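See below for input_9.pdb, which holds PDB, C-alpha atoms (C1' of nucleotides).
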```pdb
ATOM      1  CA  MET A  12      -5.441  -7.027  19.188
ATOM      2  CA  LYS A  13      -5.934  -7.195  15.459
ATOM      3  CA  ILE A  14      -3.967  -4.838  13.195
ATOM      4  CA  ALA A  15      -4.748  -4.594   9.482
ATOM      5  CA  THR A  16      -3.261  -2.898   6.431
ATOM      6  CA  TYR A  17      -5.130  -2.073   3.244
ATOM      7  CA  ASN A  18      -4.032  -0.215   0.115
ATOM      8  CA  VAL A  19      -7.426   1.240  -0.848
ATOM      9  CA  ASN A  20      -6.547   2.913  -4.170
ATOM     10  CA  SER A  21      -8.639   6.028  -3.352
ATOM     11  CA  ILE A  22     -10.337   6.268   0.046
ATOM     12  CA  ASN A  23     -13.351   8.070  -1.384
ATOM     13  CA  ALA A  24     -13.932   5.700  -4.302
ATOM     14  CA  ARG A  25     -13.456   2.790  -1.886
ATOM     15  CA  LEU A  26     -15.503   4.042   1.076
ATOM     16  CA  PRO A  27     -18.430   1.562   0.791
ATOM     17  CA  VAL A  28     -15.984  -1.352   0.509
ATOM     18  CA  VAL A  29     -13.894  -0.082   3.444
ATOM     19  CA  LEU A  30     -16.951   0.375   5.689
ATOM     20  CA  ARG A  31     -18.251  -3.090   4.873
ATOM     21  CA  TRP A  32     -14.829  -4.618   5.487
ATOM     22  CA  LEU A  33     -14.485  -2.802   8.852
ATOM     23  CA  SER A  34     -17.919  -3.946   9.993
ATOM     24  CA  GLU A  35     -17.270  -7.565   8.987
ATOM     25  CA  THR A  36     -13.729  -7.944  10.367
ATOM     26  CA  ALA A  37     -13.544  -5.275  13.142
ATOM     27  CA  PRO A  38      -9.770  -4.690  13.254
ATOM     28  CA  ASP A  39      -8.562  -2.650  16.232
ATOM     29  CA  VAL A  40      -5.946  -0.708  14.278
ATOM     30  CA  VAL A  41      -5.920  -0.076  10.527
ATOM     31  CA  CYS A  42      -3.259   1.326   8.207
ATOM     32  CA  LEU A  43      -4.481   2.639   4.867
ATOM     33  CA  GLN A  44      -2.432   3.592   1.815
ATOM     34  CA  GLU A  45      -3.108   5.352  -1.478
ATOM     35  CA  LEU A  46      -5.807   7.643  -0.135
ATOM     36  CA  LYS A  47      -5.551   9.661  -3.365
ATOM     37  CA  ALA A  48      -7.254  12.543  -1.598
ATOM     38  CA  PRO A  49      -6.150  15.975  -0.396
ATOM     39  CA  GLN A  50      -5.978  16.528   3.370
ATOM     40  CA  ASP A  51      -9.396  18.227   3.468
ATOM     41  CA  ASN A  52     -11.242  15.517   1.535
ATOM     42  CA  PHE A  53     -11.000  12.531   3.883
ATOM     43  CA  PRO A  54     -14.176  10.743   5.100
ATOM     44  CA  GLU A  55     -13.480  11.387   8.785
ATOM     45  CA  LYS A  56     -17.157  11.444   9.773
ATOM     46  CA  ALA A  57     -18.143   8.236   7.999
ATOM     47  CA  LEU A  58     -15.260   6.437   9.704
ATOM     48  CA  ALA A  59     -16.109   7.984  13.078
ATOM     49  CA  ASP A  60     -19.712   6.788  12.648
ATOM     50  CA  ALA A  61     -18.234   3.320  12.061
ATOM     51  CA  GLY A  62     -16.365   3.631  15.371
ATOM     52  CA  TYR A  63     -12.887   4.601  14.187
ATOM     53  CA  ASN A  64     -10.684   7.512  15.127
ATOM     54  CA  ALA A  65      -8.411   8.571  12.283
ATOM     55  CA  LEU A  66      -5.083  10.240  11.680
ATOM     56  CA  TRP A  67      -4.167  10.860   8.066
ATOM     57  CA  HIS A  68      -1.733  12.593   5.757
ATOM     58  CA  GLY A  69      -3.332  13.345   2.430
ATOM     59  CA  GLN A  70      -2.069  14.686  -0.859
ATOM     60  CA  LYS A  71      -3.794  15.795  -4.035
ATOM     61  CA  SER A  72      -4.117  12.998  -6.627
ATOM     62  CA  TRP A  73      -1.519  10.565  -5.342
ATOM     63  CA  ASN A  74      -0.249   8.671  -2.302
ATOM     64  CA  GLY A  75      -1.694   9.442   1.127
ATOM     65  CA  VAL A  76      -1.633   7.298   4.297
ATOM     66  CA  ALA A  77      -3.869   6.950   7.341
ATOM     67  CA  ILE A  78      -4.040   5.187  10.697
ATOM     68  CA  LEU A  79      -7.425   4.248  12.176
ATOM     69  CA  ALA A  80      -8.139   2.978  15.682
ATOM     70  CA  ARG A  81     -11.294   1.566  17.247
ATOM     71  CA  ASN A  82     -11.939   2.668  20.823
ATOM     72  CA  ALA A  83      -8.406   3.967  21.201
ATOM     73  CA  ASP A  84      -6.483   7.214  20.979
ATOM     74  CA  ILE A  85      -3.998   7.791  18.178
ATOM     75  CA  THR A  86      -0.971   9.794  19.267
ATOM     76  CA  GLU A  87       0.909  11.159  16.274
ATOM     77  CA  VAL A  88       4.686  10.752  16.261
ATOM     78  CA  ARG A  89       5.552  11.947  12.735
ATOM     79  CA  ARG A  90       4.011  12.325   9.298
ATOM     80  CA  ALA A  91       7.077  11.957   7.143
ATOM     81  CA  LEU A  92      10.054   9.668   6.984
ATOM     82  CA  PRO A  93      13.185  11.446   8.261
ATOM     83  CA  GLY A  94      16.079  12.160   5.965
ATOM     84  CA  ASP A  95      14.779  14.269   3.072
ATOM     85  CA  PRO A  96      12.887  17.507   3.748
ATOM     86  CA  GLU A  97      12.501  17.950  -0.022
ATOM     87  CA  ASP A  98      10.415  14.784  -0.340
ATOM     88  CA  GLU A  99       6.790  15.940  -0.501
ATOM     89  CA  HIS A 100       5.104  12.592  -1.152
ATOM     90  CA  SER A 101       2.670  11.555   1.596
ATOM     91  CA  ARG A 102       4.006   8.066   2.112
ATOM     92  CA  TYR A 103       4.600   7.650   5.828
ATOM     93  CA  ILE A 104       2.733   8.333   9.049
ATOM     94  CA  GLU A 105       3.588   7.065  12.517
ATOM     95  CA  ALA A 106       1.606   7.041  15.736
ATOM     96  CA  VAL A 107       1.361   5.287  19.090
ATOM     97  CA  VAL A 108      -1.845   3.279  19.567
ATOM     98  CA  ASN A 109      -2.472   1.038  22.588
ATOM     99  CA  GLY A 110       1.195   1.399  23.516
ATOM    100  CA  ILE A 111       2.451   0.171  20.147
ATOM    101  CA  THR A 112       4.323   2.351  17.679
ATOM    102  CA  VAL A 113       2.584   1.941  14.326
ATOM    103  CA  GLY A 114       4.396   3.034  11.162
ATOM    104  CA  CYS A 115       2.108   3.098   8.115
ATOM    105  CA  LEU A 116       3.995   3.251   4.833
ATOM    106  CA  TYR A 117       3.496   3.369   1.098
ATOM    107  CA  LEU A 118       6.855   2.605  -0.460
ATOM    108  CA  PRO A 119       7.385   3.995  -3.982
ATOM    109  CA  ASN A 120       6.528   1.674  -6.881
ATOM    110  CA  GLY A 121       9.745   2.564  -8.738
ATOM    111  CA  ASN A 122       8.793   1.674 -12.297
ATOM    112  CA  PRO A 123      10.128   2.060 -14.856
ATOM    113  CA  ALA A 124      13.459   0.630 -13.781
ATOM    114  CA  PRO A 125      16.158   1.636 -14.167
ATOM    115  CA  GLY A 126      15.459   5.366 -14.016
ATOM    116  CA  PRO A 127      14.806   8.278 -11.654
ATOM    117  CA  LYS A 128      11.708   6.674 -10.170
ATOM    118  CA  PHE A 129      13.662   3.542  -9.319
ATOM    119  CA  ASP A 130      16.429   5.674  -7.807
ATOM    120  CA  TYR A 131      13.816   7.400  -5.652
ATOM    121  CA  LYS A 132      12.482   4.023  -4.519
ATOM    122  CA  LEU A 133      15.920   2.856  -3.412
ATOM    123  CA  ARG A 134      16.650   6.159  -1.644
ATOM    124  CA  TRP A 135      13.310   5.911   0.154
ATOM    125  CA  PHE A 136      14.160   2.355   1.132
ATOM    126  CA  GLU A 137      17.457   3.549   2.640
ATOM    127  CA  ARG A 138      15.658   6.214   4.679
ATOM    128  CA  LEU A 139      13.139   3.616   5.879
ATOM    129  CA  THR A 140      15.957   1.284   6.880
ATOM    130  CA  LEU A 141      17.701   4.006   8.884
ATOM    131  CA  HIS A 142      14.471   4.860  10.661
ATOM    132  CA  ALA A 143      13.700   1.185  11.267
ATOM    133  CA  ALA A 144      17.091   0.824  12.965
ATOM    134  CA  ASP A 145      16.225   3.737  15.239
ATOM    135  CA  LEU A 146      12.890   2.127  16.120
ATOM    136  CA  LEU A 147      14.630  -1.123  17.052
ATOM    137  CA  ALA A 148      17.209   0.748  19.107
ATOM    138  CA  ALA A 149      14.407   2.494  20.993
ATOM    139  CA  GLY A 150      13.434  -0.919  22.344
ATOM    140  CA  LYS A 151       9.687  -0.298  22.251
ATOM    141  CA  PRO A 152       7.096  -2.511  20.548
ATOM    142  CA  ALA A 153       6.658  -1.367  16.940
ATOM    143  CA  VAL A 154       5.099  -2.513  13.705
ATOM    144  CA  LEU A 155       6.018  -1.233  10.245
ATOM    145  CA  THR A 156       3.224  -2.098   7.852
ATOM    146  CA  GLY A 157       1.826  -1.121   4.504
ATOM    147  CA  ASP A 158       2.405  -1.463   0.788
ATOM    148  CA  TYR A 159       6.134  -2.142   0.420
ATOM    149  CA  ASN A 160       5.929  -2.645  -3.354
ATOM    150  CA  VAL A 161       8.333  -5.582  -2.949
ATOM    151  CA  MET A 162       7.889  -9.288  -3.493
ATOM    152  CA  PRO A 163      10.556 -10.583  -1.073
ATOM    153  CA  THR A 164      11.062 -14.009  -2.688
ATOM    154  CA  GLU A 165       9.986 -16.088  -5.684
ATOM    155  CA  LEU A 166       7.286 -17.646  -3.526
ATOM    156  CA  ASP A 167       5.604 -14.236  -3.485
ATOM    157  CA  VAL A 168       5.061 -13.963  -7.262
ATOM    158  CA  TYR A 169       2.715 -15.991  -9.461
ATOM    159  CA  LYS A 170       5.279 -16.093 -12.263
ATOM    160  CA  PRO A 171       8.704 -14.929 -11.043
ATOM    161  CA  GLU A 172      10.457 -15.068 -14.418
ATOM    162  CA  LYS A 173       8.089 -12.430 -15.782
ATOM    163  CA  TRP A 174       8.956  -9.990 -13.006
ATOM    164  CA  VAL A 175      12.760 -10.094 -12.763
ATOM    165  CA  ASP A 176      13.189  -6.691 -14.458
ATOM    166  CA  ASP A 177      10.298  -5.029 -12.650
ATOM    167  CA  ALA A 178      10.994  -2.465  -9.911
ATOM    168  CA  LEU A 179       9.009  -4.594  -7.452
ATOM    169  CA  PHE A 180      11.209  -7.652  -7.893
ATOM    170  CA  ARG A 181      14.610  -6.544  -9.171
ATOM    171  CA  PRO A 182      17.611  -7.844  -7.196
ATOM    172  CA  GLU A 183      18.308  -4.374  -5.746
ATOM    173  CA  THR A 184      14.745  -4.181  -4.405
ATOM    174  CA  ARG A 185      14.778  -7.629  -2.863
ATOM    175  CA  ALA A 186      18.192  -6.917  -1.355
ATOM    176  CA  ALA A 187      16.910  -3.676   0.164
ATOM    177  CA  PHE A 188      13.986  -5.500   1.769
ATOM    178  CA  LYS A 189      16.280  -8.228   3.094
ATOM    179  CA  LYS A 190      18.645  -5.630   4.547
ATOM    180  CA  LEU A 191      15.736  -4.006   6.347
ATOM    181  CA  VAL A 192      14.349  -7.273   7.754
ATOM    182  CA  ASP A 193      17.832  -8.455   8.754
ATOM    183  CA  LEU A 194      18.148  -5.548  11.167
ATOM    184  CA  GLY A 195      16.024  -7.686  13.442
ATOM    185  CA  TRP A 196      12.473  -7.396  12.128
ATOM    186  CA  THR A 197      10.074 -10.302  11.601
ATOM    187  CA  ASP A 198       7.945 -10.669   8.455
ATOM    188  CA  ALA A 199       4.790 -11.711  10.341
ATOM    189  CA  VAL A 200       2.958 -13.562   7.559
ATOM    190  CA  ARG A 201       6.065 -15.494   6.527
ATOM    191  CA  LYS A 202       6.873 -16.405  10.104
ATOM    192  CA  LEU A 203       3.516 -18.156  10.493
ATOM    193  CA  TYR A 204       3.344 -19.531   6.917
ATOM    194  CA  PRO A 205       6.928 -20.077   5.721
ATOM    195  CA  ASN A 206       6.022 -22.143   2.652
ATOM    196  CA  ASP A 207       2.531 -21.072   1.576
ATOM    197  CA  LYS A 208       1.614 -19.136  -1.555
ATOM    198  CA  ILE A 209       0.012 -16.003  -0.138
ATOM    199  CA  TYR A 210      -0.910 -12.979  -2.269
ATOM    200  CA  THR A 211      -2.135  -9.512  -1.303
ATOM    201  CA  PHE A 212      -2.469  -7.868  -4.738
ATOM    202  CA  TRP A 213      -4.022  -8.857  -8.027
ATOM    203  CA  ASP A 214      -3.795  -6.516 -11.021
ATOM    204  CA  TYR A 215      -6.988  -5.091 -12.513
ATOM    205  CA  PHE A 216      -5.783  -6.333 -15.910
ATOM    206  CA  ARG A 217      -6.547  -9.610 -17.612
ATOM    207  CA  ASN A 218      -8.667 -11.145 -14.888
ATOM    208  CA  ALA A 219      -5.642 -11.456 -12.613
ATOM    209  CA  TYR A 220      -7.778 -12.203  -9.541
ATOM    210  CA  GLY A 221      -9.774 -14.874 -11.338
ATOM    211  CA  ARG A 222      -6.522 -16.513 -12.507
ATOM    212  CA  ASP A 223      -4.904 -16.007  -9.085
ATOM    213  CA  ALA A 224      -2.073 -14.157 -10.829
ATOM    214  CA  GLY A 225      -1.120 -12.356  -7.631
ATOM    215  CA  LEU A 226       1.749 -10.789  -5.716
ATOM    216  CA  ARG A 227       2.568 -10.528  -2.017
ATOM    217  CA  ILE A 228       3.624  -6.904  -1.566
ATOM    218  CA  ASP A 229       1.789  -5.762   1.592
ATOM    219  CA  HIS A 230       3.748  -6.721   4.691
ATOM    220  CA  PHE A 231       3.927  -6.518   8.479
ATOM    221  CA  LEU A 232       7.352  -6.158  10.052
ATOM    222  CA  LEU A 233       7.453  -6.655  13.821
ATOM    223  CA  THR A 234       9.959  -5.884  16.552
ATOM    224  CA  PRO A 235      11.150  -8.979  18.492
ATOM    225  CA  ASP A 236       8.775  -8.463  21.422
ATOM    226  CA  LEU A 237       5.777  -8.167  19.104
ATOM    227  CA  ALA A 238       6.914 -11.200  17.086
ATOM    228  CA  GLU A 239       6.642 -13.209  20.299
ATOM    229  CA  ARG A 240       3.063 -11.989  20.738
ATOM    230  CA  LEU A 241       2.048 -12.955  17.172
ATOM    231  CA  THR A 242      -0.833 -15.470  17.235
ATOM    232  CA  GLY A 243      -2.361 -15.171  13.758
ATOM    233  CA  ALA A 244      -2.153 -13.570  10.326
ATOM    234  CA  GLY A 245      -4.031 -13.669   7.054
ATOM    235  CA  VAL A 246      -5.391 -11.968   3.968
ATOM    236  CA  ASN A 247      -9.042 -10.998   3.513
ATOM    237  CA  ARG A 248      -8.885 -12.386  -0.011
ATOM    238  CA  ASP A 249     -12.606 -12.271  -0.671
ATOM    239  CA  VAL A 250     -12.613  -8.472  -0.371
ATOM    240  CA  ARG A 251     -10.625  -8.340  -3.622
ATOM    241  CA  GLY A 252     -13.602  -9.983  -5.332
ATOM    242  CA  TRP A 253     -16.183  -7.449  -4.139
ATOM    243  CA  GLU A 254     -17.758  -4.879  -6.466
ATOM    244  CA  LYS A 255     -15.611  -1.751  -6.872
ATOM    245  CA  SER A 256     -12.694  -3.366  -5.058
ATOM    246  CA  SER A 257      -9.150  -2.075  -4.739
ATOM    247  CA  ASP A 258      -6.476  -4.054  -6.581
ATOM    248  CA  HIS A 259      -5.073  -4.943  -3.121
ATOM    249  CA  ALA A 260      -6.727  -7.046  -0.440
ATOM    250  CA  PRO A 261      -6.549  -6.252   3.303
ATOM    251  CA  VAL A 262      -3.919  -8.097   5.333
ATOM    252  CA  TRP A 263      -4.134  -8.587   9.114
ATOM    253  CA  ILE A 264      -2.239  -9.883  12.114
ATOM    254  CA  GLU A 265      -3.385 -10.830  15.610
ATOM    255  CA  LEU A 266      -1.261 -10.031  18.680
ATOM    256  CA  ALA A 267      -1.746 -11.529  22.126
TER     257      ALA A 267
ATOM    258  C1'  DA B  26       1.769  -3.492 -26.612
ATOM    259  C1'  DT B  27      -2.138  -4.579 -24.264
ATOM    260  C1'  DG B  28      -5.455  -4.986 -20.509
ATOM    261  C1'  DT B  29      -8.239  -1.647 -16.007
ATOM    262  C1'  DC B  30      -8.848   1.567 -12.624
ATOM    263  C1'  DG B  31      -8.819   6.486 -10.426
ATOM    264  C1'  DC B  32      -6.903  10.923 -10.386
ATOM    265  C1'  DC B  33      -6.534  15.505 -12.720
ATOM    266  C1'  DT B  34      -7.708  19.111 -16.175
ATOM    267  C1'  DT B  35      -9.794  26.130 -19.018
ATOM    268  C1'  DA B  36     -15.370  19.988 -19.410
ATOM    269  C1'  DG B  37     -14.583  15.709 -21.406
ATOM    270  C1'  DA B  38     -11.015  12.979 -23.960
ATOM    271  C1'  DG B  39      -6.385  12.442 -22.764
ATOM    272  C1'  DG B  40      -2.277  12.160 -19.670
ATOM    273  C1'  DC B  41      -0.308  10.147 -15.638
ATOM    274  C1'  DG B  42       0.464   6.650 -12.095
ATOM    275  C1'  DA B  43      -0.139   2.128 -10.816
TER     276       DA B  43
END
```
What would the structure in this file look like if it were written as structure tokens?
Amino acid sequence: MKIATYNVNSINARLPVVLRWLSETAPDVVCLQELKAPQDNFPEKALADAGYNALWHGQKSWNGVAILARNADITEVRRALPGDPEDEHSRYIEAVVNGITVGCLYLPNGNPAPGPKFDYKLRWFERLTLHAADLLAAGKPAVLTGDYNVMPTELDVYKPEKWVDDALFRPETRAAFKKLVDLGWTDAVRKLYPNDKIYTFWDYFRNAYGRDAGLRIDHFLLTPDLAERLTGAGVNRDVRGWEKSSDHAPVWIELA
DNA sequence: ATGTCGCCTTAGAGGCGA
């Protein structure tokens, strides 16, 4: 089973790219972030015509997450992270697909830091960590994937010294990610490629993709049983070079 | 500071988020 994650930066602006990518790579389960569309403006029919069922949580202008599944039912578990009923950002959706709990997340960017947006990022991280502990305690196979807006280590940044004060790379952010992983989760891409330079995002500015000035910020975290089933992982890098591309590239894993 | 996208808005250039 192949599971993919893709920050699309507007599902409607990106629809031709997404449909081409789905037809060329045929993932079984897909997590999308940054739909940038209200709940009633999601291309459900176009995706169904491509063979994918969809569950999504939209929001006007910003955020928005979705789970797609090919030839499989999607059973919704929740469409918000527990812990703050006042939080109205559409940044988390969770469902069971093919017996696996799939959490699709879009962690806050947090810039500028320090400041209220960075505080929100760290609070959101704490809520995610609490929920991730509950998922582990439940003992069922689960994957937490999406745009974490974190480069976990210096290997994940094209020029680390430029990013030390950025919300995506500050010590507090890296520590929060480490605390989450250390609960017992496995960073799937890093497990298979512990020393390789692997990026998932290239800024639209200054020809970042052409210069390979990238970041690794889209991740798959796996429960121990799923980590044992991990047989492959990668980035569909070429998609970032297509016309009208997102600034992220799709990332995928393969499970036995 | 800037670069580039995509969203929104008393409609069309500007603000915001990334």
Residue list as a PyMOL selection string for point (-2.6, 7.7, -14.7), cut-off 12 Å, all atoms listed in the file: (chain A and resi 47+72-73) or (chain B and resi 29-33+39-43)
Enumerate as a list in words the residues belonging to chain A that approach chain B to within 10 Å, with all atoms listed in the file taken into account.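 Residues of chain A within 10 Å of chain B, counting all atoms listed in the file: Asn20, Ser21, Ala24, Lys47, Ala48, Lys71, Ser72, Trp73, Asn120, Asn122, Asp214, Tyr215, Phe216, Arg217, Asn218, Lys255, Ser256, Ser257 and Asp258 of chain A.
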Provide the atom CA of A:Ala124 to atom CA of A:Asp177 distance in Å, to one decimal place.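 That distance, rounded to one decimal, is 6.6 Å.
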Could you give me, as a list of chain:residue names, the residues that sit within 10 Å of (-5.3, -7.1, 13.4) in the file's coordinates, counting only C-alpha atoms (C1' of nucleotides)?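 Neighbouring residues, ordered by chain and number, come to A:Met12, A:Lys13, A:Ile14, A:Ala15, A:Thr16, A:Thr36, A:Ala37, A:Pro38, A:Asp39, A:Val40, A:Val41, A:Gly243, A:Ala244, A:Gly245, A:Val262, A:Trp263, A:Ile264, A:Glu265, A:Leu266.
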Just say which residues the PyMOL selection byres ((chain A and resi 74-87) around 9) picks in this file, as a ChimeraX atom specification. /A:18,20-21,37-50,58,61-73,88-90,100-109,113-117
Residue by residue, what does the PyMOL selection byres ((chain A and resi 233) around 10) grab here? Present the result as a PyMOL selection string. chain A and resi 113+147+152-156+192+195-199+230-232+234-241
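What separates atom CA of A:Leu191 from atom CA of A:Val19 is a distance of 24.8 Å.
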Go through the shown structure with the PyMOL selection byres ((chain A and resi 204) around 12) and write out the matching residues as a PyMOL selection string. chain A and resi 166-167+198-203+205-209+242-246
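Interatomic distance, atom CA of A:Trp32 against atom CA of A:Tyr17: 10.3 Å.
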